[in-house]
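J.: My questions will all concern the structure given below.
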2 protein chains.
Amino acid sequence: MSATTTYAPAPHPVPDTAPSAAKALVETHREALEAALQAVGDRSYHSRYPESPSPRVYGEGAAAAGQQAFEAHLTRRFEALADQPATDGWVGAEVSPFGPQLRVEYPHQDVDRLLSAVTAGQRAWRDAGPEVRAAVCLEAVDRIHARSFEIAHSVMHTAGQPFVMAFQAAGPHAQDRALEAIAYALFEQRRVPASVVWEKPAKGEPLRMQKDYRVVPRGVALVIGCNTFPTWNSYPGLFASLATGNAVVVKPHPRAVLPLAISVAAIRETLRDSGFSPDLVTLAAEADGEGLAKTLALASTVRVIDYTGGPTFGAWLEREAGGAGKQVHTEKAGVNTVVIDSVPDLRGALGNLAFSFSLYSGQMCTTPQNVYVPRDGVDTDEGHLTFDELADRLGQAVQRLTGDDAKAVEVLGATVNDTVRAGAAGLAALADTAGGRVVLDSRQVAHPTYPDAVVRTPGLVAVDVEAAKVYEQECFGPVVLLVATDSTEQSLRRFTETVREHGAMTAAVYSTSEQVIDDAREAAADAGVALSENLNGAVFVNQTAAFSDLHGTGANPAANSAYTDGAFVANRFRVVTSRRHV
Amino acid sequence: MSATTTYAPAPHPVPDTAPSAAKALVETHREALEAALQAVGDRSYHSRYPESPSPRVYGEGAAAAGQQAFEAHLTRRFEALADQPATDGWVGAEVSPFGPQLRVEYPHQDVDRLLSAVTAGQRAWRDAGPEVRAAVCLEAVDRIHARSFEIAHSVMHTAGQPFVMAFQAAGPHAQDRALEAIAYALFEQRRVPASVVWEKPAKGEPLRMQKDYRVVPRGVALVIGCNTFPTWNSYPGLFASLATGNAVVVKPHPRAVLPLAISVAAIRETLRDSGFSPDLVTLAAEADGEGLAKTLALASTVRVIDYTGGPTFGAWLEREAGGAGKQVHTEKAGVNTVVIDSVPDLRGALGNLAFSFSLYSGQMCTTPQNVYVPRDGVDTDEGHLTFDELADRLGQAVQRLTGDDAKAVEVLGATVNDTVRAGAAGLAALADTAGGRVVLDSRQVAHPTYPDAVVRTPGLVAVDVEAAKVYEQECFGPVVLLVATDSTEQSLRRFTETVREHGAMTAAVYSTSEQVIDDAREAAADAGVALSENLNGAVFVNQTAAFSDLHGTGANPAANSAYTDGAFVANRFRVVTSRRHV
């Protein structure tokens, strides 16, 4: 429809005063940015960064070079950040979930000095305009991309992700999410043109005014990283804030600093090479228990906050920083849910769910936790299964996937902390509390390479729908609760109720009935959570594709934002007009 | 550039299940909506609703019929809202600032019953989709437009605006702002397509998924009206929330209910005629001092709040409701500023400023308050003027505009409350406190038609830049402070400092120097306030044009949002995806 194409936002002019290196990047990255804008517009498949770590894609020496680059960081100061502006010491106490201490130290920053230093370069960055900022940001992601193997090892040894997942999720997938945020930010800034001649008809000569619209940043943006997805969950906020003109302070989780240190170093290098202050992006590492996030969040110049982590601190941020007028984006926790009504492809569904339960030992904020199944059982393409039969089949599917230790660790990775380990070890007690049954206990796996790693297979516990107190809590890690309900109708009702109250990042439904699928869509819309239907292949409920799937909805308590939509970027900048007669 | 037109958001499909009357409105209003989308995209001149109250535009009998319609409301119950869902009594105690008591009563609502009733029709409204909602909203604005004269009288006799201003600002200008909000909301919802087939390349067959994206509302939206601009400041939030699927409760200021009662009645009628529940929009009138806004703001189902009014309650809303995760949009107060460095067209500038000071007795949130002038005076096209000479010339310009009582009241309107009156009456004391001089005292004007009206001309007080305590406070109403500074450099510095700390809705600069204008633009960008340069004609610093000028910036304490940009609408809805293999 032609009428709809006329108001497509056009690129802003590139200011003459922008550094020439930065202007060159606008040319270099023009096509890539337009392609990304196209993709976020139609939500079709798009990827700039190949997800396969194969040497055919990345080159023969890339994997080995990346590993060496990672190992070169160990037992040393991270000197690439030694030039940060407010260093008053060095901190670092990361321990790999696979066992070894990393013994890397990072420059610790004096908060007051840091916050005044980071804004020094903000005016030039602001005046460079949206096109330059987008191009420089994309260049930074490209440079991060060049270090994908190095980052993969650093994520494996801080988050505990299995290697291939660490490569994909913390590498190309995270980089695609970064580009998505940059594209959204660019589009949003383009929506208000740089200038217009406004002409109002009048009796004689029309009234004519020149109006210039200038994009101004909010101030300093703070990104608070998490332990399990240090890059994937940090890049969207980081690049959305940077691309809209804000200086960004990255506060990594004390146990997952290295992946963000490498990322920040790459961004700083890009900023410097493009003619801007590297201090527009800084790393604020802290000692465990220092409480730096709180201090930074309450600083008056910090105006935008992106947070991924536990719900307690997330709620504090929403209340205190949000109540103080800062833009706060949180991703916390929830009870991800699967509703099984009937199963069109049992074998496919079991394999798909087993993988979703097992990947990274269930330590994804998107891993399913509650599986609602009618207590009378379900119809499948292999005949009717009772509740217990389906539960056992799910248990067997998990066993098949995780039975061989050497193969299992490539899916499971390592558990990241004692809370996760205690949860996995306590299934019998959990079953007791709930009056339920351990369908499959969580098994401790001996890692063939890292004897100190605590690796756990998912455990399945069957409980009754009455045991709401148990399944309405988040059990982070490899714990799945199979909840016996009166009916699919009750399953859907409980699904909506629990998600509205306790949140969820993901949901799935299995049914052969179009009516039930429709009802599930209604329930998901009411709950405010995205729904995957009858997954049985290589797409998993706990994975979302950049440019197409929204990660989170912002419509339930698990997260107040989504990666990425207009709302995620729109309030990171403001527009200041100047107008005059012409 | 062709690459930029490809990702223009396309219209969503209109669901078959939408009411046929509503579907017809999509056709009726398609062109008007596309034209509005075009206008918000390029920020060019656009207006759907003619601002001239002339019979040539509105028809011979329109003015008289509107006045009769207004008068028919007086001394009666507002029966058009008698069908509201939770009526438990009748309230109303409006007194015209021009004297008469209105003696109109409105149905008072039981809050709990109201909030459960308003969501009853929300699902059908949600499922009708963005195109239907936009068309129905535009139809509602058209019906409001048909009552422009009736609304003009109702605003005159609640807000105290002079008649022509009441017609323009509360009528066509407010209606254009409503359409602007509807267009922005439509664009924002279109940005995520209704569905896509996603196809990821794979070794064999590509992975193919159908993904549907459903727009879901936040919940109930609350609009808290103000006394001075009951329609102009309420429509943007009201229609932005309604167009994105939310039920809207309108809580008018107890002294300015009638304009919103008429508006809500027109919207309810439109909703009913289009096949939707009228209770999607309701009026929650209250007795003075009832504190209904607080109760509604804290109700759990209320998720979006739009507020215009005093800074104390605005700050409470930001802290309490914002901290509770609600989307809170506030417009509060500030110290609007003019910086005079030199004057290219003295006669034009004096007339322009005098009108801006005088219009509606300075009771606009956009009226200039502080005028910074170098104590050494300024160069003008009529030669150099000392500070005192310029001050006196400004005073004379105000006197010329307001010297004739009968003409003056057509610009000044009436003062709206005792605080404004006390401020205007206390200029000598103010000058004493500040160690300054009354340049022109505020004069009480005898209204030729309404003897009980308290009408006040603007008063001008000259103070020194050292008297920051005086000019850093908002003096709402007809009070202008001329601040003598050391230099234009100091003027600009003080401008930025006071606006950053105390906020401003508007700013203006006069200078013949390109360098000073540039510096003023920098200062305005740093302060986060829009700048008007060398206004000397029929455009005034206190007026903004819908579709082109942003009202407020959201970048300083005066307001946390702007009319209208992406951020104003983007978080009023969320998107819920469902996906499946195809």
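Ordering of the structure tokens sets the chain letters (A, B, ...); residue numbers start at 1 within each chain; ligands are numbered from 1 in the order shown.
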For chain B, work out the contacting residues on chain A at 6 Å, counting only C-alpha atoms, and write them as an MDAnalysis selection string.
T.: chainID A and resid 4:5 7:8 10 38 41 44:45 198:200 318:319 322:324 529:533 566:567 570:571 576:580
J.: Which one of A:Ala429, A:Ala468, A:Leu74, A:Val373 sits closest to Tyr510 (chain A) if you count only C-alpha atoms?
T.: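 Of A:Ala429, A:Ala468, A:Leu74, A:Val373, the one nearest Tyr510 (chain A), counting only C-alpha atoms, is A:Val373.
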J.: Using only C-alpha atoms, which protein or nucleic acid residues come within 9 Å of Arg268 (chain A)? Drop anything in the same chain fewer than 5 positions from it, and give the result as a compact mmCIF listing (two decimals) with N, CA, C and O atoms, in the first residue's frame.
T.:
# COMPACT_ATOMS: atom_id res chain seq x y z
N LEU A 81 42.31 -2.38 29.98
CA LEU A 81 41.45 -1.37 30.60
C LEU A 81 42.20 -0.50 31.60
O LEU A 81 41.60 0.24 32.38
N ALA A 140 31.87 -1.45 16.59
CA ALA A 140 32.27 -2.04 17.87
C ALA A 140 31.79 -3.48 17.98
O ALA A 140 32.53 -4.36 18.46
N SER A 263 34.60 -7.14 26.05
CA SER A 263 33.64 -6.37 25.23
C SER A 263 33.87 -4.88 25.38
O SER A 263 33.91 -4.13 24.40
N ASP A 273 39.40 4.86 18.04
CA ASP A 273 39.78 4.84 16.62
C ASP A 273 38.82 5.67 15.76
O ASP A 273 39.19 6.07 14.65
N SER A 277 35.78 9.88 22.64
CA SER A 277 36.37 9.53 23.92
C SER A 277 36.08 8.07 24.25
O SER A 277 34.92 7.66 24.28
N PRO A 278 37.11 7.28 24.53
CA PRO A 278 36.84 5.89 24.93
C PRO A 278 36.05 5.82 26.23
O PRO A 278 35.36 4.83 26.47
N ASP A 279 36.13 6.89 27.02
CA ASP A 279 35.46 6.85 28.33
C ASP A 279 33.94 6.91 28.22
O ASP A 279 33.24 6.86 29.23
N LEU A 280 33.42 6.99 27.02
CA LEU A 280 31.97 6.86 26.85
C LEU A 280 31.48 5.48 27.29
O LEU A 280 30.30 5.31 27.60
N VAL A 281 32.37 4.51 27.28
CA VAL A 281 32.01 3.18 27.80
C VAL A 281 33.11 2.72 28.75
O VAL A 281 34.28 2.65 28.37
N THR A 282 32.70 2.42 29.97
CA THR A 282 33.68 2.00 30.97
C THR A 282 33.16 0.78 31.73
O THR A 282 31.95 0.53 31.77
J.: To one decimal in Å, tell me the separation between CA of Val164 (chain B) and CA of Val411 (chain B).
T.: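 Atom-to-atom, CA of Val164 (chain B) to CA of Val411 (chain B), that is 8.5 Å.
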J.: Which neighbours of Arg76 (chain A) fall inside 7 Å, counting only C-alpha atoms, when residues of the same chain fewer than 2 positions from it are skipped, and could you give them as number ranges by chain?
T.: A: 73-74, 78, 103-105
J.: Restricting the output to N, CA, C and O atoms, write the selected residues as a short mmCIF file (atom, residue, chain, number, x, y, z; two decimals), in the first residue's frame.
T.:
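Output file result-v8.cif follows:
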data_model
loop_
_atom_site.label_atom_id
_atom_site.label_comp_id
_atom_site.auth_asym_id
_atom_site.auth_seq_id
_atom_site.Cartn_x
_atom_site.Cartn_y
_atom_site.Cartn_z
N HIS A 73 44.71 -14.03 29.29
CA HIS A 73 44.17 -13.13 30.33
C HIS A 73 44.41 -13.68 31.73
O HIS A 73 44.44 -12.91 32.70
N LEU A 74 44.52 -15.01 31.83
CA LEU A 74 44.49 -15.64 33.16
C LEU A 74 45.71 -15.24 33.99
O LEU A 74 46.79 -15.02 33.47
N PHE A 78 44.06 -7.10 33.78
CA PHE A 78 43.47 -6.86 32.47
C PHE A 78 43.93 -5.48 31.99
O PHE A 78 43.24 -4.48 32.13
N ARG A 103 41.90 -15.75 38.34
CA ARG A 103 42.96 -14.86 38.83
C ARG A 103 43.25 -13.70 37.87
O ARG A 103 44.40 -13.31 37.67
N VAL A 104 42.18 -13.18 37.30
CA VAL A 104 42.31 -11.96 36.49
C VAL A 104 41.89 -10.79 37.37
O VAL A 104 40.95 -10.91 38.16
N GLU A 105 42.59 -9.67 37.25
CA GLU A 105 42.21 -8.47 38.00
C GLU A 105 41.84 -7.34 37.06
O GLU A 105 42.45 -7.18 36.00
#
J.: Find the distance between CA of Ile267 (chain A) and CA of Leu186 (chain A) and write it in Å to one decimal.
T.: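 Between CA of Ile267 (chain A) and CA of Leu186 (chain A) the gap is 18.0 Å.
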J.: Do you know which residues are at most 10 Å from region 145-149 of chain B counting only C-alpha atoms, after dropping those on the same chain fewer than 3 positions away, and could you put them as a PyMOL selection string?
T.: chain B and resi 48-50+53+58+62-70+139-142+152-155+163-164+166-168+170-172+174-176+259+262-263+266
J.: Grab the residues selected above and save them as a CSV table (one decimal), in the first residue's frame with N, CA, C and O atoms.
T.:
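Heads up, here's the output in part-v7.csv:
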chain,number,residue,atom,x,y,z
B,48,ARG,N,-6.3,19.0,11.1
B,48,ARG,CA,-7.6,18.5,10.6
B,48,ARG,C,-8.7,19.4,11.0
B,48,ARG,O,-9.7,19.5,10.3
B,49,TYR,N,-8.5,20.2,12.1
B,49,TYR,CA,-9.6,20.9,12.7
B,49,TYR,C,-9.4,22.4,12.6
B,49,TYR,O,-8.5,22.9,13.3
B,50,PRO,N,-10.1,23.1,11.8
B,50,PRO,CA,-9.8,24.6,11.6
B,50,PRO,C,-9.9,25.4,12.9
B,50,PRO,O,-10.8,25.2,13.7
B,53,PRO,N,-12.9,30.3,14.5
B,53,PRO,CA,-14.3,30.1,14.9
B,53,PRO,C,-15.3,30.8,14.0
B,53,PRO,O,-16.5,30.9,14.3
B,58,TYR,N,-17.4,27.3,10.3
B,58,TYR,CA,-18.2,26.4,11.1
B,58,TYR,C,-19.7,26.5,10.8
B,58,TYR,O,-20.5,25.7,11.4
B,62,ALA,N,-23.6,27.8,14.1
B,62,ALA,CA,-22.8,26.9,15.0
B,62,ALA,C,-22.4,27.5,16.3
B,62,ALA,O,-22.6,26.9,17.4
B,63,ALA,N,-22.0,28.8,16.3
B,63,ALA,CA,-21.7,29.5,17.5
B,63,ALA,C,-22.8,29.5,18.5
B,63,ALA,O,-22.7,29.2,19.7
B,64,ALA,N,-24.0,30.0,18.0
B,64,ALA,CA,-25.2,30.1,18.8
B,64,ALA,C,-25.6,28.7,19.4
B,64,ALA,O,-25.9,28.6,20.6
B,65,ALA,N,-25.6,27.8,18.5
B,65,ALA,CA,-26.0,26.4,18.9
B,65,ALA,C,-25.1,25.9,20.0
B,65,ALA,O,-25.5,25.2,21.0
B,66,GLY,N,-23.8,26.1,19.9
B,66,GLY,CA,-22.8,25.7,20.9
B,66,GLY,C,-23.0,26.4,22.2
B,66,GLY,O,-23.0,25.7,23.2
B,67,GLN,N,-23.3,27.7,22.1
B,67,GLN,CA,-23.6,28.4,23.4
B,67,GLN,C,-24.8,27.8,24.1
B,67,GLN,O,-24.9,27.6,25.3
B,68,GLN,N,-25.9,27.6,23.3
B,68,GLN,CA,-27.1,27.0,23.8
B,68,GLN,C,-26.9,25.7,24.5
B,68,GLN,O,-27.4,25.3,25.5
B,69,ALA,N,-26.1,24.9,23.8
B,69,ALA,CA,-25.8,23.5,24.3
B,69,ALA,C,-25.0,23.6,25.6
B,69,ALA,O,-25.3,22.9,26.6
B,70,PHE,N,-24.1,24.6,25.7
B,70,PHE,CA,-23.4,24.8,27.0
B,70,PHE,C,-24.4,25.2,28.0
B,70,PHE,O,-24.4,24.7,29.2
B,139,GLU,N,-12.9,8.9,15.0
B,139,GLU,CA,-14.4,9.2,14.9
B,139,GLU,C,-14.8,10.0,16.2
B,139,GLU,O,-15.6,10.9,16.1
B,140,ALA,N,-14.3,9.5,17.3
B,140,ALA,CA,-14.6,10.2,18.6
B,140,ALA,C,-14.1,11.6,18.6
B,140,ALA,O,-14.8,12.5,19.1
B,141,VAL,N,-12.9,11.8,18.1
B,141,VAL,CA,-12.4,13.2,18.0
B,141,VAL,C,-13.3,14.0,17.1
B,141,VAL,O,-13.6,15.2,17.4
B,142,ASP,N,-13.7,13.5,16.0
B,142,ASP,CA,-14.6,14.2,15.1
B,142,ASP,C,-15.9,14.6,15.8
B,142,ASP,O,-16.4,15.7,15.6
B,152,ALA,N,-15.9,25.1,24.1
B,152,ALA,CA,-15.2,26.4,24.3
B,152,ALA,C,-15.9,27.2,25.4
B,152,ALA,O,-15.2,27.7,26.3
B,153,HIS,N,-17.2,27.2,25.4
B,153,HIS,CA,-17.9,27.9,26.6
B,153,HIS,C,-17.6,27.2,27.9
B,153,HIS,O,-17.4,27.8,28.9
B,154,SER,N,-17.6,25.9,27.8
B,154,SER,CA,-17.3,25.1,29.1
B,154,SER,C,-15.9,25.3,29.6
B,154,SER,O,-15.7,25.4,30.8
B,155,VAL,N,-15.0,25.5,28.7
B,155,VAL,CA,-13.6,25.7,29.1
B,155,VAL,C,-13.4,27.2,29.6
B,155,VAL,O,-12.8,27.5,30.6
B,163,PHE,N,-12.6,33.7,25.4
B,163,PHE,CA,-13.4,32.9,24.6
B,163,PHE,C,-12.7,32.4,23.4
B,163,PHE,O,-12.7,31.1,23.1
B,164,VAL,N,-12.0,33.2,22.6
B,164,VAL,CA,-11.4,32.8,21.4
B,164,VAL,C,-10.3,31.8,21.7
B,164,VAL,O,-10.1,30.8,21.0
B,166,ALA,N,-10.2,29.9,24.3
B,166,ALA,CA,-10.9,28.6,24.7
B,166,ALA,C,-11.4,27.8,23.5
B,166,ALA,O,-11.2,26.6,23.5
B,167,PHE,N,-11.9,28.5,22.5
B,167,PHE,CA,-12.3,27.8,21.3
B,167,PHE,C,-11.1,27.2,20.6
B,167,PHE,O,-11.1,26.0,20.3
B,168,GLN,N,-10.0,27.9,20.4
B,168,GLN,CA,-8.9,27.4,19.7
B,168,GLN,C,-8.1,26.3,20.5
B,168,GLN,O,-7.9,25.2,20.0
B,170,ALA,N,-8.8,24.8,23.4
B,170,ALA,CA,-9.5,23.6,23.9
B,170,ALA,C,-10.3,22.9,22.9
B,170,ALA,O,-10.8,21.8,23.1
B,171,GLY,N,-10.5,23.5,21.7
B,171,GLY,CA,-11.2,22.9,20.6
B,171,GLY,C,-10.2,22.3,19.6
B,171,GLY,O,-9.5,21.3,19.8
B,172,PRO,N,-10.1,23.0,18.4
B,172,PRO,CA,-9.3,22.4,17.3
B,172,PRO,C,-7.9,22.1,17.7
B,172,PRO,O,-7.4,21.0,17.2
B,174,ALA,N,-6.6,21.3,20.6
B,174,ALA,CA,-6.6,20.0,21.4
B,174,ALA,C,-7.0,18.8,20.6
B,174,ALA,O,-6.5,17.7,20.7
B,175,GLN,N,-7.9,19.0,19.6
B,175,GLN,CA,-8.3,17.9,18.8
B,175,GLN,C,-7.2,17.5,17.8
B,175,GLN,O,-7.0,16.3,17.6
B,176,ASP,N,-6.5,18.4,17.3
B,176,ASP,CA,-5.3,18.1,16.5
B,176,ASP,C,-4.3,17.3,17.4
B,176,ASP,O,-3.6,16.3,16.9
B,259,PRO,N,-15.9,20.3,30.6
B,259,PRO,CA,-15.3,20.1,29.2
B,259,PRO,C,-14.9,18.6,29.1
B,259,PRO,O,-15.1,18.0,28.0
B,262,ILE,N,-18.3,16.5,28.7
B,262,ILE,CA,-18.7,16.5,27.3
B,262,ILE,C,-17.9,15.6,26.4
B,262,ILE,O,-18.4,14.8,25.6
B,263,SER,N,-16.6,15.7,26.6
B,263,SER,CA,-15.7,14.9,25.8
B,263,SER,C,-15.9,13.4,26.0
B,263,SER,O,-16.0,12.6,25.1
B,266,ALA,N,-19.0,12.2,24.4
B,266,ALA,CA,-18.9,12.0,23.0
B,266,ALA,C,-18.1,10.7,22.6
B,266,ALA,O,-18.4,10.0,21.7
J.: Give me, as a PyMOL selection string, all polymer residues having an atom no more than 10 Å from Thr228 (chain B), counting only C-alpha atoms and skipping those fewer than 5 positions away in the same chain.
T.: chain B and resi 155-156+158-161+170+233+253+255-256+308-309+360+363-365+415-416
J.: May I have the selected residues written with C-alpha atoms, as a compact mmCIF listing (two decimals), in the first residue's frame?
T.:
# COMPACT_ATOMS: atom_id res chain seq x y z
CA VAL B 155 -13.59 25.75 29.14
CA MET B 156 -14.07 29.49 29.35
CA THR B 158 -14.10 26.48 34.20
CA ALA B 159 -10.54 27.37 33.22
CA GLY B 160 -11.17 31.10 32.81
CA GLN B 161 -9.70 31.25 29.32
CA ALA B 170 -9.55 23.62 23.94
CA ASN B 233 -3.65 18.49 28.33
CA HIS B 253 -10.04 18.60 38.15
CA ARG B 255 -13.16 22.88 39.07
CA ALA B 256 -12.96 21.89 35.38
CA THR B 308 -1.00 17.59 34.40
CA GLY B 309 -0.94 19.76 37.47
CA TYR B 360 -4.70 33.94 29.57
CA GLN B 363 -1.68 31.03 33.32
CA MET B 364 -0.19 28.76 30.69
CA CYS B 365 2.44 26.26 31.73
CA THR B 415 -7.67 34.37 37.01
CA VAL B 416 -8.37 30.84 37.99
J.: Measuring between only C-alpha atoms, which one of A:Val516, A:Leu271, A:His29, A:Val220 shows the shortest distance to Ser300 (chain A)?
T.: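 For Ser300 (chain A), the nearest of the candidates is A:Val220.
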J.: Please run DSSP on the backbone and report, as JSON, numbers by chain, all residues within region 200-423 of chain A that come out as alpha helix (DSSP H).
T.: {"A": [235, 236, 237, 238, 239, 240, 241, 242, 243, 258, 259, 260, 261, 262, 263, 264, 265, 266, 267, 268, 269, 270, 271, 272, 273, 292, 293, 294, 295, 296, 297, 298, 311, 312, 313, 314, 315, 316, 322, 323, 346, 347, 348, 349, 350, 351, 352, 353, 354, 355, 356, 357, 358, 387, 388, 389, 390, 391, 392, 393, 394, 395, 396, 397, 398, 399, 400, 401, 402, 405, 406, 407, 408, 409, 410, 411, 412, 418, 419, 420, 421, 422, 423]}
J.: Residues at most 6 Å from region 391-406 of chain A, counting only C-alpha atoms, excluding those fewer than 3 positions away in the same chain, as a list of chain:residue names?
T.: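 Using only C-alpha atoms, the neighbours found are A:Leu350, A:Ala354, A:Asp388, A:Val409, A:Leu440, A:Val445.
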J.: Report as a PyMOL selection string: the residues of region 317-451 of chain A with a DSSP assignment of strand (DSSP E), based on the backbone of this structure.
T.: chain A and resi 327-331+337-340+342-343+370-374+378-380+383-385+437-440+444-445
J.: Just how far from CA of Lys294 (chain A) is CA of Arg113 (chain A), in Å to one decimal?
T.: 16.7 Å
